[in-house]
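Peer 1: Provided herewith is a single structure, encoded as structure tokens, for subsequent inquiry.
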2 protein chains.
Amino acid sequence: MSHRESPLKSSDFISDIVIGMSDGLTVPFALAAGLSSAVQSNGIIITAGIAEIIAGSIAMGLGGYLAGRTELDHYQSEMKREYQETIDFPDTEKKEVKEIFQEMGLSESVQNNAVEELCKDTDKWVKFMMKYELGLEEPDKNKARKSAFNIGMSYIVGGAIPMLAYVFTSAPQTGFKLSFIVTVICLLVFGYFKSKLTGQRPLIGALKVMAIGVIAAMSAYLLVKLFN
Amino acid sequence: MSHRESPLKSSDFISDIVIGMSDGLTVPFALAAGLSSAVQSNGIIITAGIAEIIAGSIAMGLGGYLAGRTELDHYQSEMKREYQETIDFPDTEKKEVKEIFQEMGLSESVQNNAVEELCKDTDKWVKFMMKYELGLEEPDKNKARKSAFNIGMSYIVGGAIPMLAYVFTSAPQTGFKLSFIVTVICLLVFGYFKSKLTGQRPLIGALKVMAIGVIAAMSAYLLVKLFN
């Protein structure tokens with residue numbers, strides 16, 4: 001039924017926000033935690049946090065842009081190839097259509113009728129091969145640009161939260177404590193809504209998202225201490 | 001034809017390495033670039049780099065783990081729901097099967113035959129709905145654990161490259177220059193093979209991957225300078 005389609009697929013917007021916010025809340029938080037075990041001034045942590053947020057948001061945003069462009073290019077080049085193949089190897093292509101119907105569990109005679117009907121119209125035929133052989137749906141043309149912006153912005157918003165704690169405190173250790181409390185709360189809230197939107201159990205999801213952030217931050221804190 | 005199936009889907013291993021390595025080569029590189037415009041000692045850059053690599057590899061690795069687990073849970077809960085629906089609403093579910101065949105462009109009579117055949121066997125019926133209505137394939141049960149390890153390790157390997165330049169030089173400015181040269185070469189090589197493996201044009205792909213890294217690093221460098 002249509003209302004049960006995976007929400008992860010139903011909204012690129014939400015999925016982009018989730019991608020950017022997940023890493024944005026976690027990585028700058030853990031970086032700052034790691035640094036707070038080694039440096040004496042909040043200034044360095046804030047500088048590193050700014051550098052990380054710029055680096056992460058651009059890398060992830062542009063990464064999202066490229067992924068979107070690649071998906072579109074891939075779809076178009078595969079479609080061109082399928083059209084060509086219906087001309088060059090019509091029998092092989094028809095056999096492939098038949099195999100798909102066979103794999104669905106239909107009988108020989110229904111398979112043959114279905115193939116015959118479908119392959120009368122080249123557009124239908126190619127559309128069928130794209131969707132059922134290659135599993136490709138035509139992507140939204142503006143997806144790449146929108147993705148880049150949404151992922152990048154959510155990374156910046158997510159990353160600003162743990163860093164602000166170091167702006168409003170005067171020493172790394174107090175900054176770390178405040179950052180920890182604030183970010184754990186945000187991770188729980190974010191994890192709760194993320195899980196709700198993607199059809200998972202919200203409380204379990206909230207705890208999982210929080211656990212990733214805390215494990216990353218504590219590992220960075222302890223390992224940096226060890227290296228110094 | 002089977003040899004044309006999207007290579008992006010055909011290997012989770014390669015896709016995990018690409019995910020980890022892309023961010024691993026880019027974010028620590030850009031973070032270090034940003035810091036080298038603001039701090040006087042390589043020690044701080046290396047400390048921040050270590051913190052970032054720990055933070056990024058754990059966040060991405062555990063993120064990959066959760067994504068894999070979620071995919072498996074999602075598949076299993078959807079399958080349970082589909083089985084229940086063939087019992088509770090068999091007519092609605094049959095209509096949905098028919099609509100899928102209709103959307104393929106088959107005639108009324110072939111649609112009806114196909115529906116009848118498929119829905120005789122509940123396992124076939126549910127498998128059909130999972131794949132063609134919901135677009136879900138049964139995921140590999142060990143995928144989550146393997147993903148976590150492969151993504152995390154590639155992030156560490158990727159991140160170590162730009163950071164080593166600061167270990168082998170004595171000042172941030174020379175470290176940055178060496179890091180820039182070494183990382184640009186690695187980004188080009190990585191982008192070349194990534195594009196080859198994912199069926200893109202290798203030279204264009206190499207330039208795109210390199211451009212993301214350079215834009216992220218230069219932005220971090222210039223913006224951090226501005227903030228200080």
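Chain labels A, B, ... are given in the sequence in which chains occur in the structure tokens; within each chain residues are numbered consecutively from 1, and ligands are likewise numbered from 1 in the order shown.
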Quick one: which chain A residues come within 6 Å of chain B, and what is the nearest atom pair for each with the distance in Å to one decimal, counting only C-alpha atoms, rows ordered by chain and ascending number, as JSON lines?
Peer 2:
```
{"residue": "A:Val27", "atom": "CA", "partner": "B:Ala55", "partner_atom": "CA", "distance": 5.3}
{"residue": "A:Ala30", "atom": "CA", "partner": "B:Ala55", "partner_atom": "CA", "distance": 5.2}
{"residue": "A:Leu31", "atom": "CA", "partner": "B:Ala51", "partner_atom": "CA", "distance": 5.1}
{"residue": "A:Gly34", "atom": "CA", "partner": "B:Ala51", "partner_atom": "CA", "distance": 5.1}
{"residue": "A:Ala51", "atom": "CA", "partner": "B:Gly34", "partner_atom": "CA", "distance": 5.1}
{"residue": "A:Glu52", "atom": "CA", "partner": "B:Leu31", "partner_atom": "CA", "distance": 5.1}
{"residue": "A:Ile54", "atom": "CA", "partner": "B:Ala220", "partner_atom": "CA", "distance": 5.6}
{"residue": "A:Ala55", "atom": "CA", "partner": "B:Ala216", "partner_atom": "CA", "distance": 5.1}
{"residue": "A:Gly56", "atom": "CA", "partner": "B:Val27", "partner_atom": "CA", "distance": 5.7}
{"residue": "A:Ile58", "atom": "CA", "partner": "B:Ala216", "partner_atom": "CA", "distance": 5.5}
{"residue": "A:Ala216", "atom": "CA", "partner": "B:Ala55", "partner_atom": "CA", "distance": 5.1}
{"residue": "A:Ala220", "atom": "CA", "partner": "B:Ala51", "partner_atom": "CA", "distance": 5.2}
```
Peer 1: Give me the residues near Phe13 (chain A) as a list of chain:residue names, where near means some atom within 8 Å (using only C-alpha atoms) and where sequence neighbours in that chain fewer than 2 positions away do not count.
Peer 2: A:Ser11, A:Ser15, A:Asp16, A:Ile17, A:Ser147, A:Asn150
Peer 1: What is the CA of Phe168 (chain A)-CA of Ile46 (chain A) distance in Å, reported with one decimal?
Peer 2: 10.8 Å
Peer 1: Please compute the CA of Leu72 (chain B)-CA of Phe149 (chain B) distance, one decimal, in Å.
Peer 2: 17.6 Å
Peer 1: Just the number, please: distance in Å from CA of Gln102 (chain A) to CA of Gln84 (chain A), one decimal.
Peer 2: 24.0 Å
Peer 1: Run DSSP on the backbone of this structure and report the residues of region 34-201 of chain A it assigns to helix (DSSP H, G or I), as a PyMOL selection string.
Peer 2: chain A and resi 34-36+42-88+90-104+108-119+122-133+143-167+172-197
Peer 1: Give me a file of those residues, with C-alpha atoms, as a tab-separated table (two decimals), in the first residue's frame.
Peer 2:
```
chain	number	residue	atom	x	y	z
A	34	GLY	CA	39.54	14.85	21.93
A	35	LEU	CA	41.23	18.25	21.86
A	36	SER	CA	39.95	19.20	25.31
A	42	ASN	CA	39.28	27.07	24.27
A	43	GLY	CA	40.54	29.27	21.44
A	44	ILE	CA	42.34	26.37	19.76
A	45	ILE	CA	39.33	24.09	20.15
A	46	ILE	CA	37.06	26.71	18.60
A	47	THR	CA	39.49	27.30	15.72
A	48	ALA	CA	39.73	23.57	15.10
A	49	GLY	CA	35.94	23.29	15.37
A	50	ILE	CA	35.44	26.03	12.76
A	51	ALA	CA	37.97	24.37	10.44
A	52	GLU	CA	36.25	21.00	10.92
A	53	ILE	CA	32.75	22.39	10.31
A	54	ILE	CA	33.90	24.13	7.12
A	55	ALA	CA	35.77	21.01	5.97
A	56	GLY	CA	32.95	18.63	6.83
A	57	SER	CA	30.09	20.68	5.44
A	58	ILE	CA	31.88	21.32	2.13
A	59	ALA	CA	33.13	17.73	1.78
A	60	MET	CA	29.70	16.29	2.56
A	61	GLY	CA	27.75	18.91	0.62
A	62	LEU	CA	29.88	18.60	-2.52
A	63	GLY	CA	29.91	14.83	-2.01
A	64	GLY	CA	26.10	14.90	-2.03
A	65	TYR	CA	26.16	17.07	-5.16
A	66	LEU	CA	28.48	14.68	-7.01
A	67	ALA	CA	26.46	11.66	-5.91
A	68	GLY	CA	23.30	13.28	-7.28
A	69	ARG	CA	24.96	14.20	-10.59
A	70	THR	CA	26.47	10.73	-10.90
A	71	GLU	CA	23.08	9.12	-10.33
A	72	LEU	CA	21.54	11.24	-13.09
A	73	ASP	CA	24.42	10.61	-15.53
A	74	HIS	CA	24.30	6.91	-14.74
A	75	TYR	CA	20.55	6.77	-15.38
A	76	GLN	CA	20.86	8.58	-18.70
A	77	SER	CA	23.79	6.52	-19.99
A	78	GLU	CA	22.11	3.24	-18.99
A	79	MET	CA	18.89	4.32	-20.73
A	80	LYS	CA	20.77	5.13	-23.91
A	81	ARG	CA	22.44	1.72	-23.77
A	82	GLU	CA	19.13	-0.07	-23.25
A	83	TYR	CA	17.61	1.69	-26.30
A	84	GLN	CA	20.62	0.70	-28.38
A	85	GLU	CA	20.39	-2.89	-27.19
A	86	THR	CA	16.73	-3.22	-28.19
A	87	ILE	CA	18.00	-2.41	-31.71
A	88	ASP	CA	21.24	-4.45	-31.66
A	90	PRO	CA	16.37	-7.58	-29.59
A	91	ASP	CA	16.22	-11.33	-28.97
A	92	THR	CA	18.62	-11.26	-26.02
A	93	GLU	CA	16.74	-8.32	-24.52
A	94	LYS	CA	13.40	-10.08	-24.95
A	95	LYS	CA	14.85	-13.13	-23.24
A	96	GLU	CA	15.85	-10.93	-20.34
A	97	VAL	CA	12.33	-9.52	-20.06
A	98	LYS	CA	11.02	-13.07	-20.05
A	99	GLU	CA	13.48	-14.09	-17.33
A	100	ILE	CA	12.21	-11.28	-15.12
A	101	PHE	CA	8.63	-12.55	-15.50
A	102	GLN	CA	9.87	-16.08	-14.92
A	103	GLU	CA	11.64	-15.03	-11.75
A	104	MET	CA	8.34	-13.49	-10.56
A	108	GLU	CA	5.50	-20.01	-19.54
A	109	SER	CA	2.39	-18.88	-21.42
A	110	VAL	CA	1.82	-15.77	-19.30
A	111	GLN	CA	5.54	-14.97	-19.63
A	112	ASN	CA	5.31	-15.13	-23.40
A	113	ASN	CA	2.19	-12.97	-23.60
A	114	ALA	CA	3.69	-10.40	-21.27
A	115	VAL	CA	6.94	-10.22	-23.27
A	116	GLU	CA	5.09	-9.85	-26.54
A	117	GLU	CA	2.90	-7.02	-25.26
A	118	LEU	CA	5.73	-5.13	-23.62
A	119	CYS	CA	8.22	-5.30	-26.47
A	122	THR	CA	10.16	0.41	-27.32
A	123	ASP	CA	9.61	3.15	-24.70
A	124	LYS	CA	7.65	0.78	-22.46
A	125	TRP	CA	10.22	-1.93	-23.06
A	126	VAL	CA	13.19	0.26	-22.10
A	127	LYS	CA	11.32	1.73	-19.11
A	128	PHE	CA	10.62	-1.83	-17.96
A	129	MET	CA	14.28	-2.87	-18.30
A	130	MET	CA	15.47	0.25	-16.49
A	131	LYS	CA	13.16	-0.34	-13.55
A	132	TYR	CA	12.99	-4.12	-13.27
A	133	GLU	CA	16.32	-5.29	-14.65
A	143	LYS	CA	18.33	16.74	-6.66
A	144	ALA	CA	22.10	17.26	-6.72
A	145	ARG	CA	21.93	20.99	-6.01
A	146	LYS	CA	19.28	20.64	-3.32
A	147	SER	CA	21.16	17.76	-1.68
A	148	ALA	CA	24.39	19.73	-1.50
A	149	PHE	CA	22.70	22.66	0.21
A	150	ASN	CA	20.62	20.62	2.67
A	151	ILE	CA	23.46	18.31	3.70
A	152	GLY	CA	25.93	21.19	4.08
A	153	MET	CA	23.57	23.39	6.10
A	154	SER	CA	22.53	20.59	8.46
A	155	TYR	CA	26.18	19.77	9.06
A	156	ILE	CA	26.85	23.40	10.01
A	157	VAL	CA	23.82	23.57	12.32
A	158	GLY	CA	24.66	20.22	13.92
A	159	GLY	CA	28.34	21.12	14.31
A	160	ALA	CA	27.65	24.54	15.84
A	161	ILE	CA	25.85	22.98	18.84
A	162	PRO	CA	28.77	21.14	20.49
A	163	MET	CA	31.18	23.98	19.64
A	164	LEU	CA	29.11	26.77	21.23
A	165	ALA	CA	29.77	25.22	24.65
A	166	TYR	CA	33.45	26.16	24.23
A	167	VAL	CA	32.52	29.73	23.30
A	172	PRO	CA	38.57	23.12	27.85
A	173	GLN	CA	37.47	20.91	30.77
A	174	THR	CA	34.37	22.96	31.58
A	175	GLY	CA	33.70	23.41	27.87
A	176	PHE	CA	33.84	19.64	27.41
A	177	LYS	CA	31.35	19.03	30.25
A	178	LEU	CA	28.85	21.58	28.93
A	179	SER	CA	29.35	20.38	25.33
A	180	PHE	CA	28.78	16.79	26.47
A	181	ILE	CA	25.51	17.56	28.26
A	182	VAL	CA	24.11	19.77	25.49
A	183	THR	CA	25.13	17.42	22.66
A	184	VAL	CA	23.85	14.27	24.37
A	185	ILE	CA	20.45	15.97	24.72
A	186	CYS	CA	20.51	17.06	21.06
A	187	LEU	CA	21.60	13.59	19.90
A	188	LEU	CA	18.70	12.03	21.81
A	189	VAL	CA	16.18	14.51	20.38
A	190	PHE	CA	17.62	14.17	16.87
A	191	GLY	CA	17.75	10.36	17.14
A	192	TYR	CA	14.15	10.31	18.35
A	193	PHE	CA	12.80	12.29	15.39
A	194	LYS	CA	15.10	10.64	12.87
A	195	SER	CA	13.81	7.22	13.95
A	196	LYS	CA	10.21	8.37	13.90
A	197	LEU	CA	10.63	9.76	10.36
```
